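What follows is coords_14.cif (mmCIF, N, CA and C atoms).
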data_input
loop_
_atom_site.label_atom_id
_atom_site.label_comp_id
_atom_site.auth_asym_id
_atom_site.auth_seq_id
_atom_site.Cartn_x
_atom_site.Cartn_y
_atom_site.Cartn_z
N MET A 958 0.85 -1.17 0.00
CA MET A 958 0.00 0.00 0.00
C MET A 958 0.89 1.23 0.00
N PRO A 959 0.62 2.19 -0.91
CA PRO A 959 1.45 3.39 -0.94
C PRO A 959 1.16 4.28 0.26
N PRO A 960 2.17 4.97 0.77
CA PRO A 960 1.94 5.92 1.86
C PRO A 960 1.00 7.04 1.41
N HIS A 961 0.33 7.65 2.35
CA HIS A 961 -0.65 8.68 2.03
C HIS A 961 -0.02 9.94 1.45
N ASP A 962 1.28 10.11 1.59
CA ASP A 962 1.91 11.32 1.08
C ASP A 962 2.29 11.18 -0.40
N LEU A 963 2.10 10.01 -0.99
CA LEU A 963 2.37 9.87 -2.42
C LEU A 963 1.22 10.46 -3.21
N GLY A 964 1.51 10.89 -4.39
CA GLY A 964 0.53 11.60 -5.18
C GLY A 964 -0.30 10.73 -6.11
N LEU A 965 -0.93 11.40 -7.02
CA LEU A 965 -1.86 10.79 -7.95
C LEU A 965 -1.22 9.68 -8.78
N LEU A 966 -0.01 9.91 -9.28
CA LEU A 966 0.62 8.91 -10.14
C LEU A 966 0.85 7.59 -9.40
N ALA A 967 1.29 7.66 -8.16
CA ALA A 967 1.50 6.44 -7.37
C ALA A 967 0.18 5.73 -7.12
N ARG A 968 -0.86 6.49 -6.88
CA ARG A 968 -2.18 5.89 -6.64
C ARG A 968 -2.71 5.25 -7.91
N LEU A 969 -2.51 5.91 -9.05
CA LEU A 969 -2.91 5.32 -10.33
C LEU A 969 -2.16 4.01 -10.57
N ASP A 970 -0.86 4.04 -10.36
CA ASP A 970 -0.05 2.84 -10.56
C ASP A 970 -0.53 1.70 -9.67
N ALA A 971 -0.87 2.01 -8.42
CA ALA A 971 -1.34 0.99 -7.48
C ALA A 971 -2.67 0.39 -7.94
N LEU A 972 -3.58 1.23 -8.41
CA LEU A 972 -4.88 0.73 -8.89
C LEU A 972 -4.71 -0.14 -10.12
N VAL A 973 -3.88 0.29 -11.05
CA VAL A 973 -3.66 -0.47 -12.28
C VAL A 973 -2.97 -1.80 -11.96
N GLU A 974 -2.01 -1.77 -11.06
CA GLU A 974 -1.30 -3.00 -10.66
C GLU A 974 -2.27 -3.98 -10.00
N LEU A 975 -3.17 -3.48 -9.16
CA LEU A 975 -4.17 -4.33 -8.54
C LEU A 975 -5.05 -4.99 -9.59
N ALA A 976 -5.52 -4.21 -10.55
CA ALA A 976 -6.36 -4.76 -11.62
C ALA A 976 -5.60 -5.81 -12.42
N ALA A 977 -4.33 -5.58 -12.67
CA ALA A 977 -3.52 -6.55 -13.42
C ALA A 977 -3.31 -7.83 -12.62
N GLU A 978 -2.96 -7.69 -11.34
CA GLU A 978 -2.72 -8.86 -10.48
C GLU A 978 -3.95 -9.74 -10.34
N ARG A 979 -5.11 -9.09 -10.26
CA ARG A 979 -6.36 -9.84 -10.04
C ARG A 979 -7.05 -10.20 -11.35
N HIS A 980 -6.41 -9.90 -12.46
CA HIS A 980 -6.99 -10.17 -13.79
C HIS A 980 -8.35 -9.51 -13.94
N GLY A 981 -8.44 -8.30 -13.42
CA GLY A 981 -9.64 -7.50 -13.53
C GLY A 981 -10.36 -7.37 -12.20
N LEU A 982 -11.19 -6.35 -12.12
CA LEU A 982 -12.01 -6.09 -10.94
C LEU A 982 -13.47 -6.17 -11.35
N ALA A 983 -14.30 -6.75 -10.50
CA ALA A 983 -15.72 -6.95 -10.82
C ALA A 983 -16.49 -5.64 -10.81
N LEU A 984 -17.36 -5.51 -11.81
CA LEU A 984 -18.23 -4.34 -11.92
C LEU A 984 -19.68 -4.75 -11.68
N LEU A 985 -20.43 -3.85 -11.12
CA LEU A 985 -21.87 -4.04 -10.95
C LEU A 985 -22.56 -3.78 -12.28
N PRO A 986 -23.82 -4.19 -12.44
CA PRO A 986 -24.52 -3.94 -13.70
C PRO A 986 -24.55 -2.46 -14.12
N GLY A 987 -24.54 -1.54 -13.18
CA GLY A 987 -24.53 -0.11 -13.51
C GLY A 987 -23.16 0.41 -13.94
N GLY A 988 -22.13 -0.41 -13.83
CA GLY A 988 -20.80 -0.02 -14.27
C GLY A 988 -19.85 0.41 -13.16
N ARG A 989 -20.34 0.54 -11.93
CA ARG A 989 -19.45 0.89 -10.81
C ARG A 989 -18.76 -0.35 -10.30
N LEU A 990 -17.63 -0.15 -9.63
CA LEU A 990 -16.95 -1.27 -8.99
C LEU A 990 -17.83 -1.85 -7.90
N ALA A 991 -17.81 -3.16 -7.76
CA ALA A 991 -18.51 -3.80 -6.66
C ALA A 991 -17.93 -3.26 -5.35
N ALA A 992 -18.74 -3.25 -4.30
CA ALA A 992 -18.32 -2.66 -3.03
C ALA A 992 -17.04 -3.29 -2.49
N ALA A 993 -16.94 -4.60 -2.52
CA ALA A 993 -15.74 -5.28 -2.01
C ALA A 993 -14.52 -4.92 -2.86
N GLU A 994 -14.69 -4.84 -4.15
CA GLU A 994 -13.59 -4.47 -5.05
C GLU A 994 -13.15 -3.03 -4.78
N SER A 995 -14.12 -2.17 -4.53
CA SER A 995 -13.82 -0.77 -4.24
C SER A 995 -13.01 -0.63 -2.96
N ARG A 996 -13.36 -1.42 -1.94
CA ARG A 996 -12.61 -1.37 -0.68
C ARG A 996 -11.17 -1.85 -0.87
N VAL A 997 -10.99 -2.92 -1.63
CA VAL A 997 -9.65 -3.44 -1.89
C VAL A 997 -8.85 -2.42 -2.70
N ALA A 998 -9.49 -1.80 -3.68
CA ALA A 998 -8.82 -0.79 -4.50
C ALA A 998 -8.43 0.42 -3.67
N ALA A 999 -9.31 0.83 -2.77
CA ALA A 999 -9.01 1.97 -1.90
C ALA A 999 -7.80 1.67 -1.03
N ARG A 1000 -7.75 0.49 -0.48
CA ARG A 1000 -6.62 0.09 0.36
C ARG A 1000 -5.33 0.07 -0.47
N ALA A 1001 -5.38 -0.50 -1.66
CA ALA A 1001 -4.19 -0.59 -2.52
C ALA A 1001 -3.68 0.78 -2.93
N ALA A 1002 -4.60 1.71 -3.18
CA ALA A 1002 -4.23 3.04 -3.64
C ALA A 1002 -3.97 4.02 -2.51
N GLY A 1003 -4.13 3.57 -1.28
CA GLY A 1003 -3.87 4.45 -0.14
C GLY A 1003 -4.97 5.48 0.07
N ILE A 1004 -6.17 5.14 -0.33
CA ILE A 1004 -7.33 6.03 -0.12
C ILE A 1004 -8.05 5.52 1.11
N SER A 1005 -8.07 6.32 2.14
CA SER A 1005 -8.69 5.86 3.38
C SER A 1005 -9.90 6.72 3.71
N ALA A 1006 -10.78 6.14 4.49
CA ALA A 1006 -11.93 6.88 4.99
C ALA A 1006 -11.43 7.90 6.00
N ALA A 1007 -12.26 8.85 6.31
CA ALA A 1007 -11.89 9.86 7.32
C ALA A 1007 -11.52 9.16 8.62
N ARG A 1008 -10.49 9.66 9.27
CA ARG A 1008 -10.00 9.02 10.51
C ARG A 1008 -11.10 8.92 11.56
N GLY A 1009 -11.22 7.74 12.12
CA GLY A 1009 -12.18 7.50 13.19
C GLY A 1009 -13.62 7.43 12.70
N SER A 1010 -13.81 7.49 11.41
CA SER A 1010 -15.16 7.48 10.88
C SER A 1010 -15.47 6.14 10.22
N THR A 1011 -16.57 5.55 10.61
CA THR A 1011 -17.01 4.31 9.99
C THR A 1011 -18.43 4.46 9.47
N THR A 1012 -18.82 5.68 9.23
CA THR A 1012 -20.18 5.93 8.78
C THR A 1012 -20.35 5.55 7.31
N ARG A 1013 -21.59 5.38 6.95
CA ARG A 1013 -21.92 5.07 5.56
C ARG A 1013 -21.47 6.20 4.63
N GLY A 1014 -21.57 7.43 5.10
CA GLY A 1014 -21.15 8.58 4.29
C GLY A 1014 -19.67 8.55 3.97
N SER A 1015 -18.85 8.19 4.94
CA SER A 1015 -17.41 8.13 4.68
C SER A 1015 -17.08 6.97 3.75
N ALA A 1016 -17.80 5.88 3.85
CA ALA A 1016 -17.59 4.75 2.95
C ALA A 1016 -17.96 5.15 1.52
N MET A 1017 -19.03 5.91 1.37
CA MET A 1017 -19.43 6.37 0.04
C MET A 1017 -18.41 7.36 -0.53
N ALA A 1018 -17.87 8.22 0.31
CA ALA A 1018 -16.84 9.16 -0.14
C ALA A 1018 -15.60 8.41 -0.60
N GLN A 1019 -15.23 7.38 0.13
CA GLN A 1019 -14.08 6.55 -0.25
C GLN A 1019 -14.35 5.86 -1.58
N ARG A 1020 -15.54 5.33 -1.74
CA ARG A 1020 -15.90 4.66 -2.99
C ARG A 1020 -15.90 5.64 -4.15
N ASP A 1021 -16.40 6.84 -3.93
CA ASP A 1021 -16.38 7.87 -4.97
C ASP A 1021 -14.95 8.25 -5.35
N ALA A 1022 -14.06 8.30 -4.36
CA ALA A 1022 -12.66 8.62 -4.65
C ALA A 1022 -12.02 7.54 -5.52
N VAL A 1023 -12.36 6.30 -5.25
CA VAL A 1023 -11.85 5.19 -6.08
C VAL A 1023 -12.41 5.31 -7.49
N GLU A 1024 -13.67 5.65 -7.63
CA GLU A 1024 -14.28 5.80 -8.95
C GLU A 1024 -13.64 6.95 -9.72
N LEU A 1025 -13.30 8.02 -9.03
CA LEU A 1025 -12.61 9.15 -9.67
C LEU A 1025 -11.23 8.71 -10.16
N LEU A 1026 -10.50 8.00 -9.33
CA LEU A 1026 -9.18 7.49 -9.71
C LEU A 1026 -9.32 6.54 -10.90
N ARG A 1027 -10.34 5.73 -10.87
CA ARG A 1027 -10.61 4.82 -11.99
C ARG A 1027 -10.86 5.59 -13.27
N ALA A 1028 -11.65 6.67 -13.20
CA ALA A 1028 -11.95 7.47 -14.38
C ALA A 1028 -10.68 8.06 -14.99
N VAL A 1029 -9.78 8.51 -14.14
CA VAL A 1029 -8.51 9.05 -14.62
C VAL A 1029 -7.70 7.94 -15.30
N ALA A 1030 -7.64 6.77 -14.68
CA ALA A 1030 -6.90 5.65 -15.27
C ALA A 1030 -7.49 5.22 -16.60
N GLU A 1031 -8.80 5.26 -16.72
CA GLU A 1031 -9.44 4.93 -18.00
C GLU A 1031 -9.15 6.02 -19.03
N GLY A 1032 -9.16 7.28 -18.60
CA GLY A 1032 -8.90 8.38 -19.51
C GLY A 1032 -7.50 8.35 -20.10
N VAL A 1033 -6.55 7.88 -19.33
CA VAL A 1033 -5.16 7.77 -19.79
C VAL A 1033 -4.99 6.50 -20.63
N GLY A 1034 -5.89 5.56 -20.50
CA GLY A 1034 -5.81 4.33 -21.27
C GLY A 1034 -5.18 3.17 -20.52
N LEU A 1035 -5.07 3.29 -19.19
CA LEU A 1035 -4.45 2.23 -18.39
C LEU A 1035 -5.45 1.16 -17.96
N LEU A 1036 -6.73 1.52 -17.88
CA LEU A 1036 -7.79 0.59 -17.53
C LEU A 1036 -8.88 0.67 -18.59
N ARG A 1037 -9.59 -0.45 -18.77
CA ARG A 1037 -10.73 -0.46 -19.69
C ARG A 1037 -11.78 -1.41 -19.16
N VAL A 1038 -13.02 -1.15 -19.54
CA VAL A 1038 -14.13 -2.02 -19.17
C VAL A 1038 -14.28 -3.07 -20.26
N ARG A 1039 -14.31 -4.30 -19.81
CA ARG A 1039 -14.56 -5.41 -20.74
C ARG A 1039 -15.62 -6.29 -20.09
N GLY A 1040 -16.85 -6.15 -20.60
CA GLY A 1040 -17.96 -6.90 -20.03
C GLY A 1040 -18.24 -6.42 -18.62
N ASP A 1041 -18.18 -7.34 -17.69
CA ASP A 1041 -18.46 -7.01 -16.29
C ASP A 1041 -17.18 -6.90 -15.46
N ARG A 1042 -16.05 -6.61 -16.13
CA ARG A 1042 -14.75 -6.50 -15.47
C ARG A 1042 -14.05 -5.21 -15.87
N LEU A 1043 -13.28 -4.68 -14.95
CA LEU A 1043 -12.40 -3.55 -15.21
C LEU A 1043 -11.00 -4.12 -15.29
N GLU A 1044 -10.35 -4.01 -16.45
CA GLU A 1044 -9.07 -4.67 -16.68
C GLU A 1044 -7.97 -3.66 -16.97
N ALA A 1045 -6.75 -4.05 -16.62
CA ALA A 1045 -5.57 -3.26 -16.98
C ALA A 1045 -5.29 -3.49 -18.47
N THR A 1046 -4.84 -2.45 -19.15
CA THR A 1046 -4.51 -2.59 -20.57
C THR A 1046 -3.03 -2.89 -20.73
N SER A 1047 -2.65 -3.21 -21.95
CA SER A 1047 -1.24 -3.49 -22.23
C SER A 1047 -0.39 -2.23 -22.20
N LEU A 1048 -1.01 -1.06 -22.12
CA LEU A 1048 -0.25 0.20 -22.06
C LEU A 1048 0.46 0.40 -20.74
N ARG A 1049 0.10 -0.36 -19.73
CA ARG A 1049 0.71 -0.14 -18.40
C ARG A 1049 2.21 -0.36 -18.41
N HIS A 1050 2.71 -1.24 -19.26
CA HIS A 1050 4.15 -1.48 -19.33
C HIS A 1050 4.87 -0.27 -19.92
N ALA A 1051 4.32 0.28 -20.99
CA ALA A 1051 4.91 1.49 -21.59
C ALA A 1051 4.79 2.67 -20.64
N TRP A 1052 3.67 2.77 -19.93
CA TRP A 1052 3.42 3.85 -18.97
C TRP A 1052 4.53 3.90 -17.92
N ALA A 1053 4.94 2.74 -17.46
CA ALA A 1053 5.97 2.67 -16.42
C ALA A 1053 7.33 3.18 -16.91
N GLN A 1054 7.54 3.22 -18.22
CA GLN A 1054 8.82 3.65 -18.79
C GLN A 1054 8.88 5.15 -19.05
N ILE A 1055 7.74 5.82 -19.00
CA ILE A 1055 7.66 7.25 -19.31
C ILE A 1055 8.08 8.08 -18.10
N ASP A 1056 8.77 9.16 -18.34
CA ASP A 1056 9.20 10.10 -17.30
C ASP A 1056 7.98 10.55 -16.48
N GLU A 1057 8.19 10.70 -15.17
CA GLU A 1057 7.10 11.06 -14.27
C GLU A 1057 6.45 12.40 -14.65
N GLY A 1058 7.24 13.37 -15.07
CA GLY A 1058 6.68 14.67 -15.48
C GLY A 1058 5.77 14.54 -16.68
N LEU A 1059 6.17 13.71 -17.63
CA LEU A 1059 5.33 13.49 -18.81
C LEU A 1059 4.06 12.73 -18.44
N ARG A 1060 4.19 11.75 -17.54
CA ARG A 1060 3.00 11.02 -17.09
C ARG A 1060 2.02 11.97 -16.41
N ALA A 1061 2.54 12.88 -15.61
CA ALA A 1061 1.66 13.85 -14.94
C ALA A 1061 0.96 14.73 -15.97
N GLY A 1062 1.69 15.15 -16.99
CA GLY A 1062 1.09 15.96 -18.05
C GLY A 1062 0.02 15.20 -18.82
N LEU A 1063 0.25 13.92 -19.07
CA LEU A 1063 -0.74 13.10 -19.77
C LEU A 1063 -2.01 12.92 -18.93
N VAL A 1064 -1.83 12.75 -17.63
CA VAL A 1064 -2.98 12.64 -16.74
C VAL A 1064 -3.78 13.94 -16.78
N TYR A 1065 -3.10 15.05 -16.71
CA TYR A 1065 -3.77 16.35 -16.75
C TYR A 1065 -4.53 16.53 -18.07
N ALA A 1066 -3.87 16.20 -19.17
CA ALA A 1066 -4.52 16.34 -20.48
C ALA A 1066 -5.73 15.44 -20.61
N ALA A 1067 -5.62 14.21 -20.11
CA ALA A 1067 -6.76 13.28 -20.17
C ALA A 1067 -7.91 13.80 -19.31
N TRP A 1068 -7.59 14.36 -18.15
CA TRP A 1068 -8.63 14.89 -17.27
C TRP A 1068 -9.31 16.09 -17.92
N CYS A 1069 -8.53 16.98 -18.50
CA CYS A 1069 -9.10 18.16 -19.16
C CYS A 1069 -10.01 17.74 -20.31
N GLN A 1070 -9.60 16.75 -21.06
CA GLN A 1070 -10.42 16.25 -22.17
C GLN A 1070 -11.72 15.66 -21.65
N GLN A 1071 -11.67 14.91 -20.56
CA GLN A 1071 -12.86 14.30 -19.97
C GLN A 1071 -13.82 15.39 -19.49
N VAL A 1072 -13.30 16.41 -18.83
CA VAL A 1072 -14.14 17.49 -18.34
C VAL A 1072 -14.80 18.21 -19.51
N THR A 1073 -14.05 18.44 -20.57
CA THR A 1073 -14.59 19.12 -21.76
C THR A 1073 -15.72 18.30 -22.38
N LEU A 1074 -15.56 16.99 -22.47
CA LEU A 1074 -16.54 16.14 -23.12
C LEU A 1074 -17.80 15.97 -22.31
N THR A 1075 -17.71 16.05 -20.99
CA THR A 1075 -18.88 15.80 -20.15
C THR A 1075 -19.63 17.07 -19.78
N CYS A 1076 -19.06 18.22 -20.01
CA CYS A 1076 -19.74 19.48 -19.64
C CYS A 1076 -20.56 20.04 -20.78
#

Take the structure I supplied and represent it as structure tokens, if you would.
Amino acid sequence: MPPHDLGLLARLDALVELAAERHGLALLPGGRLAAAESRVAARAAGISAARGSTTRGSAMAQRDAVELLRAVAEGVGLLRVRGDRLEATSLRHAWAQIDEGLRAGLVYAAWCQQVTLTC
């Protein structure tokens, strides 16, 4: 599990690695990660619920954070939906070879494109 002080790129890498190790993550019929998969992904990516909080609201916030991270990973092309599974793509190997500054720029560009398309 990455420390909480690591940034977005480390969290993306952790989520993609989890999906690759597990040969995909289960999706619900609506397209969201199953609750158990979301909890495992949150732990792997270092996304924790608010300290001392075990409320349903904090669990939903954690799940939403995982879904946001997933959207970024899909936007960059590291994850894709195939049927009822969220899978790592073959781009993850090339991604690991790219300079961190360029990876950050690609994440930003993918996010900006996603925001433009959905607004």

Show me, as an NGL selection string, the residues that have an atom within 6 Å of region 970-976 of chain A when counting all atoms listed in the file, minus same-chain residues fewer than 3 positions from it. :A and (965-967 or 979-982 or 1001-1002 or 1043-1045)

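With only N, CA and C atoms as the atoms that count, the residue of A:Met1017, A:Ala1022, A:Gly1032, A:Asp1041 with the shortest distance to Gly988 (chain A) is A:Asp1041.
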
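Counting only C-alpha atoms, the residue from A:Ala1061, A:Ile1004, A:Ala999, A:Glu1031 that sits nearest to Arg1049 (chain A) is A:Glu1031.
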
So how many Å separate atom C of Arg1000 (chain A) and atom C of Cys1069 (chain A), to one decimal? 27.0 Å

Could you write out, as a ChimeraX atom specification, all the residues of chain A that DSSP marks as helix (DSSP H, G or I)? /A:965-978,992-1002,1013-1033,1048-1054,1057-1075

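From CA of Pro986 (chain A) back to CA of Trp1052 (chain A), the distance works out to 29.5 Å.
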
Around all the atoms of region 1057-1067 of chain A listed in the file, draw an axis-aligned box and extend it by 4 Å on each of the six sides; I want its centre and edge lengths in Å to one decimal, as lines of an AutoDock Vina configuration file.
center_x = 0.1
center_y = 13.6
center_z = -17.4
size_x = 24.1
size_y = 13.8
size_z = 14.3

Take atom N of Arg1037 (chain A) and CA of Ala998 (chain A) and report the distance between them in Å, one decimal. 14.3 Å

Where in chain A does DSSP assign strand (DSSP E), given as a VMD selection string? chain A and resid 982 to 983 1036 to 1039 1042 to 1045

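Distances from A:Arg1042, A:Leu1035, A:Ala1067, A:Ala992 to Asp1021 (chain A) were compared using only C-alpha atoms, and the smallest one belongs to A:Ala992.
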
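Shortest separation to Ala1028 (chain A) among A:Val1064, A:Leu985, A:Ala991, A:Val997 occurs at residue A:Val1064, atoms counted being only C-alpha atoms.
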
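For the set A:Leu1063, A:Leu1048, A:Ser1005, A:Ala977, the residue with the smallest atom-to-atom gap to Val1023 (chain A) is A:Ser1005, counting only C-alpha atoms.
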
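Residue nearest Arg996 (chain A) within the list A:Ala1053, A:Gly1014, A:Glu978, A:Arg1020: A:Arg1020 [criterion: smallest interatomic distance, only C-alpha atoms].
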